[in-house]
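Please read the structure below before turning to the comments.
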Amino acid sequence: MDTKLKKWKSVVSLAVLAAGIILLLAGIGKLNNVVRYYGLNKENWSDLRQEDFQETNKFSRYLTRCLEAYLSMASEGPVNMYRIGNLNHNYWDYDYNYYYDYDYDYDYDYNYNYETGVVSDSSWDYENNINSGSGFTDEELEELEELGEYAGEYSGGLNGLSEAEKEKYKEQIKKANKESAEHLHNQMKDDKNLLYKITADGKEMYTNTEGQKLDGAAGVLPEGYNFLLYFDGAKVKIIKDGKDIDVYGNGFYYDTNRWYVPGYENFKAGEEYKNITVTIAVSKELKPYSRAGYGRSGYEDVTSELYWQKNNINVQKEELRKGAVLLAISAAFLLAGFFLRKWKREGDRLLGVMTGRIWFEVKVLAAFIPVIWFALPWIGNIISRILLMINYDYYEEWGESWEYYNSGYFSDKEGLILALLSILLMYLFINDMIRNKKTWRHGICNKIYQLVSAKETSLPAAQRLIHRGIWLVGGTLLLGIVMITAAIFAVNEYQTAGIMILIVLLVLVGLTAIQVIFLKKSKETAMDLDLLTGRITQIHNGGYESTGEKPADEGLARVAAELEDIRRGMEKAIDETVKSERMKVELVTNVSHDIKTPLTSIISYVEFLKQEEDLPEHVKDYIRILDEKSKRLNNMIQDVFAVSKAASGQLPVKLEVLDFGKLLNQTLADMEEVISNSKVMIKADIPEHPIMITADGQRLYRVFQNLIQNALKYSLEGSRVFLTLQRDGAMAEASIKNISRMEIKGNVDFTERFARGDESRSDGGSGLGLSIARSFTEACGGSFRLETNADLFVVVISFCVEEEGKLLISV
Amino acid sequence: MKDVILVVDDDREIVKAISILLENEGYEVLKAYDGMEALDLIARKTIRLVLIDVMMPRLDGLSAVMRIREKQNIPIIVLSAKSEDTDKVLGLSMGADDYVAKPYHPQELAARVKSQLRRYTSLGDINAGSMGNRVTNGRLSFHMEEKMLYADGEPVKLTATETKIVELLMRNLGRVFPAEEIYRRVWEEDCFSPENTVMVHIRRIREKIELNPKEPEYLKVVWGIGYKIEKMEKRS
């Protein structure tokens, strides 16, 4: 129940966020439309703020152009239809309810003829302005075409012609101008949104009033018209809603003046217009008007530009309004999404779980292709610019195709969807990166990498086998690159390129599949091999525990089973040895404890007997023997115990850094009494400077105590025992040399437990002295060596010397 | 009035031997043959010291020690056939005051009993706090002004050199002194090979202060380094 609620919450929060982003994008899109089609200049924004269309710059600009055209018509000058009515360049975008307007493109091509005071267009195309069957002969038309082309190539239009040429073509031009003026009049006259009357020398030349009363001089307008522009031959008078409008201001024209009409002190109408009057009336209500014209140059569509201009401004206003509303709503949604971000976490987690199942490569492609697609216009722009910078030839060759991306590649709807898709996929991708640790691990690249990675194996043989796969992968990669490059070039050259690319892709996919299978099998074998060789190494190193893992390969599994048999045999043998050794130690321990209890009584009562005074002398002698032997028994028990512990590796040692020489001196001093009471001399040669070793001092003392006791006991009477310590490189060697009293028999291992020079065992030792010395030395990490040479008995004990830097222990 | 000592061991001959030994020393001995019996006796009688074996039927020695410690603070000496260092540490940590390995030397055992009793009865107050210019360490106590060492409260007769060595080591409990340093400080001159000289004195001091000079508890040789007096942990 709770998880269900959680799920719903996360869905709601994600939906809110998504809605916020969609609305934000839509809002930005609306605003972008306005900016994109109208630009961001001041004039437009001031137009958008105007309630009354007749107050806008667009309106005044259009009327200005009309006046120019009418004046041109009246004075038999060239007329450009595109400028005021003929709009076959323009089209209606049904998607966006928008009427494209190239108004501004034309502005830049203006050429103002100061001589005539008429604005002309450089790309003036006679051809398009002349209708078929207009009374020109074919020859004349050809000439005019040439003239048009010629004029079009040079800025300045007809003005670029020499006087002679002008003179030559004067008649034709005049005729053509007249022709196009008539044509324009025919095209426009039925658009009643704008009434015009053009007179020359008091004679009416062109008008579309059709009987409606229009008198510019008197300011009389027909019903439904509220705007009047009247040119009286020198100045312009404008009346709107019955009120005069100040056109000229202080009488000088500046860029900022709204009305670009002749009549200023610095912008006067020419003499030739003295007798011309133009009256223009604009309807208060603008109606749509279109007229289809199918001229010789193809389809022509004449519409009422005034109506569309007004309509455009209204559409823009509407777009702005919508954009603002969308932005406001999106802000609300985003704010809500911000407050619901805790709910979203669960959703993100679930999305992460979902996206975690997809291959990483797919995710990367899905996330980045829309973004790159979306960014293509900018990328194209940048690339073409760079190409242009480097070399114009490159630009011509490659850059132009990039330019294609540069302009208007997407419609707004496509753009919006693409942007949304980009954001959505990016969000999923980033969420995936955050939620799923090491998300790149789940993918084909990583899979192939895993197949050639030998991380799971530990031994070089198997690793080499696996690493061999790298060659395979590398080779295929190279082949793939070569083939894809070839296919890309083929696209330009051959018609069958599509099939070639398909074949290349099929080959690559097939190769990859075969490779993956091969690598998988190869890796399995390598892993088996690793398991087997690893096991052999393990057994060699003394690890007998079976892991239970078996190679999957049948042949190798059998080998592994055989190996396991060998291991079991060895394990059994070793187990038994260890067991018997342990039992021996336990036996010794228990026996020594068990012997100690009766021995305690014996020693105690012998002690009491010793204190009896009235006993005969021979009984006292018996008691002395009992005392001596019971004490020796005690010593032997302790020795047996120690040696059995040391032999089983259970002897605790406390290692510390100590001075070997000092230890020997201390031992000699400790045994001084015994030594002086013996019949041999000890000659010690121990260096003064410290020789530091790491050992257990107590144990090492026992070692030398035993060795010295041994030497004292078995040496030839009156002989000398030599105790020397010397440093030999990194080793410190202590040796005890003595001459045996009895002949030393060969083939006797003196460190074997209970071994003795003579077999009678009649002397006082336990027979464990050398055995203890050896096992204690070894427990401390030293080495024990015994040499006999004739009757010379030598024991050498050596330890590693600790370096000087560690001598911190002594005071 | 005689001090009453409880001897606990499942081996009757050993109990008898110890009784004879202690009675000769002038103590009154109570006998018990297992842990339960011992606890029973302790509950009923006023006992000054317990000698107890570890391995016994019904209730083993170490458990008995723990049970005794719940109520009584009397000295307890553990006797055991186990002579490992680890066994010794275990026994002492269970609350025993001393640990004697079997087979014990009768004279040593007697000395230990005496030492424990003296410390418990007459010197309890010394152990409790530091008394002016004294360094107290287990059985030993060194009086700075008198330049006198006391073992179990009794003055130990030391020569001037021995006193100097003891003073040096008692003032620096646990610190290891190489023979050269001891010689320089005590004899106040350098010596080429002082090991023998120092060792002779060490041995003599041991004879006077250790209960078993062959297995010294206090004055120890740190083989290959020097000499020290072991710092004793006080029983809590």
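Every chain in the structure tokens takes a letter, A first, then B, and so on in the order presented; its residues are numbered from 1, and the ligands are numbered from 1 following the presented order.
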Which neighbours of Leu21 of chain B fall inside 10 Å, counting only C-alpha atoms, when residues of the same chain fewer than 5 positions from it are skipped, and could you give them as a ChimeraX atom specification?
/A:604-605,607-608 /B:15-16,26-27,29,106-107,109-110
Output for the residues just chosen: C-alpha atoms as an mmCIF file, in the first residue's frame:
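result_2.cif written:
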data_model
loop_
_atom_site.group_PDB
_atom_site.id
_atom_site.type_symbol
_atom_site.label_atom_id
_atom_site.label_comp_id
_atom_site.auth_asym_id
_atom_site.auth_seq_id
_atom_site.Cartn_x
_atom_site.Cartn_y
_atom_site.Cartn_z
ATOM 1 C CA SER A 604 58.723 -33.557 49.965
ATOM 2 C CA TYR A 605 59.229 -36.736 51.959
ATOM 3 C CA GLU A 607 63.263 -33.574 52.372
ATOM 4 C CA PHE A 608 61.760 -34.738 55.670
ATOM 5 C CA VAL B 15 48.426 -32.538 51.875
ATOM 6 C CA LYS B 16 50.111 -34.483 54.633
ATOM 7 C CA GLY B 26 54.508 -23.277 63.751
ATOM 8 C CA TYR B 27 51.228 -22.945 61.869
ATOM 9 C CA VAL B 29 46.804 -26.610 59.354
ATOM 10 C CA PRO B 106 59.639 -27.414 50.554
ATOM 11 C CA GLN B 107 61.781 -24.586 51.862
ATOM 12 C CA LEU B 109 56.969 -23.099 49.779
ATOM 13 C CA ALA B 110 57.407 -22.358 53.448
#
Which of segment 4-225 of chain B counts as strand (DSSP E or B) under DSSP, as a PyMOL selection string please?
chain B and resi 4-8+28-32+49-53+76-80+98-101+134-137+140-143+148-151+154-156+177+219-222
Only residues of chain A matter here; which ones have an atom within 9 Å of chain B, counting only C-alpha atoms? Give them as a PyMOL selection string.
chain A and resi 592-594+596-601+603-605+607-608+634+657-670+672+688+692+696-698+700-701+809-811
Please identify all polymer residues within 10 Å of Lys713 of chain A, counting only C-alpha atoms, omitting same-chain residues fewer than 2 positions from it, and present them as JSON, numbers by chain.
{"A": [678, 679, 680, 707, 708, 709, 710, 711, 715, 716, 717, 740, 741, 763, 764, 765]}
Would you write out those residues with N, CA and C atoms, as a PDB file, in the first residue's frame?
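And here is the file that came out, again.pdb:
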ATOM      1  N   SER A 678      84.719 -26.514  37.258  1.00  0.00           N
ATOM      2  CA  SER A 678      84.964 -27.631  36.333  1.00  0.00           C
ATOM      3  C   SER A 678      86.451 -27.778  36.059  1.00  0.00           C
ATOM      4  N   LYS A 679      86.756 -28.822  35.306  1.00  0.00           N
ATOM      5  CA  LYS A 679      88.158 -29.094  35.069  1.00  0.00           C
ATOM      6  C   LYS A 679      88.623 -28.594  33.714  1.00  0.00           C
ATOM      7  N   VAL A 680      87.789 -27.799  33.086  1.00  0.00           N
ATOM      8  CA  VAL A 680      88.214 -27.217  31.812  1.00  0.00           C
ATOM      9  C   VAL A 680      88.170 -25.700  31.920  1.00  0.00           C
ATOM     10  N   LEU A 707      74.645 -25.538  25.939  1.00  0.00           N
ATOM     11  CA  LEU A 707      75.868 -25.825  25.178  1.00  0.00           C
ATOM     12  C   LEU A 707      77.094 -25.786  26.074  1.00  0.00           C
ATOM     13  N   ILE A 708      77.142 -24.791  26.969  1.00  0.00           N
ATOM     14  CA  ILE A 708      78.308 -24.676  27.864  1.00  0.00           C
ATOM     15  C   ILE A 708      78.343 -25.857  28.845  1.00  0.00           C
ATOM     16  N   GLN A 709      77.163 -26.184  29.366  1.00  0.00           N
ATOM     17  CA  GLN A 709      77.106 -27.338  30.269  1.00  0.00           C
ATOM     18  C   GLN A 709      77.597 -28.596  29.565  1.00  0.00           C
ATOM     19  N   ASN A 710      77.141 -28.759  28.330  1.00  0.00           N
ATOM     20  CA  ASN A 710      77.566 -29.897  27.521  1.00  0.00           C
ATOM     21  C   ASN A 710      79.076 -29.936  27.381  1.00  0.00           C
ATOM     22  N   ALA A 711      79.617 -28.752  27.021  1.00  0.00           N
ATOM     23  CA  ALA A 711      81.056 -28.670  26.807  1.00  0.00           C
ATOM     24  C   ALA A 711      81.814 -28.999  28.089  1.00  0.00           C
ATOM     25  N   SER A 715      84.069 -32.422  27.876  1.00  0.00           N
ATOM     26  CA  SER A 715      85.394 -32.054  27.389  1.00  0.00           C
ATOM     27  C   SER A 715      86.478 -32.871  28.073  1.00  0.00           C
ATOM     28  N   LEU A 716      87.558 -32.968  27.340  1.00  0.00           N
ATOM     29  CA  LEU A 716      88.755 -33.621  27.882  1.00  0.00           C
ATOM     30  C   LEU A 716      89.240 -32.810  29.062  1.00  0.00           C
ATOM     31  N   GLU A 717      89.611 -33.474  30.115  1.00  0.00           N
ATOM     32  CA  GLU A 717      90.045 -32.745  31.304  1.00  0.00           C
ATOM     33  C   GLU A 717      91.260 -31.892  30.989  1.00  0.00           C
ATOM     34  N   SER A 740      86.361 -33.510  22.713  1.00  0.00           N
ATOM     35  CA  SER A 740      85.604 -34.495  23.472  1.00  0.00           C
ATOM     36  C   SER A 740      86.534 -35.390  24.291  1.00  0.00           C
ATOM     37  N   ARG A 741      86.045 -35.772  25.417  1.00  0.00           N
ATOM     38  CA  ARG A 741      86.830 -36.642  26.282  1.00  0.00           C
ATOM     39  C   ARG A 741      86.897 -38.033  25.665  1.00  0.00           C
ATOM     40  N   ASP A 763      75.578 -40.937  32.590  1.00  0.00           N
ATOM     41  CA  ASP A 763      75.931 -39.630  33.167  1.00  0.00           C
ATOM     42  C   ASP A 763      74.672 -38.859  33.567  1.00  0.00           C
ATOM     43  N   GLY A 764      74.858 -37.642  33.989  1.00  0.00           N
ATOM     44  CA  GLY A 764      73.743 -36.919  34.617  1.00  0.00           C
ATOM     45  C   GLY A 764      72.748 -36.302  33.674  1.00  0.00           C
ATOM     46  N   GLY A 765      73.055 -36.233  32.319  1.00  0.00           N
ATOM     47  CA  GLY A 765      72.182 -35.454  31.419  1.00  0.00           C
ATOM     48  C   GLY A 765      70.905 -36.153  31.054  1.00  0.00           C
TER      49      GLY A 765
END
Write out as a ChimeraX atom specification the residues lying within 12 Å of segment 31-39 of chain B, counting only C-alpha atoms and excluding same-chain residues fewer than 5 positions away.
/B:4-20,22,44-47,49-72
DSSP helix (DSSP H, G or I) residues within segment 296-348 of chain A, as a count of residues only
43
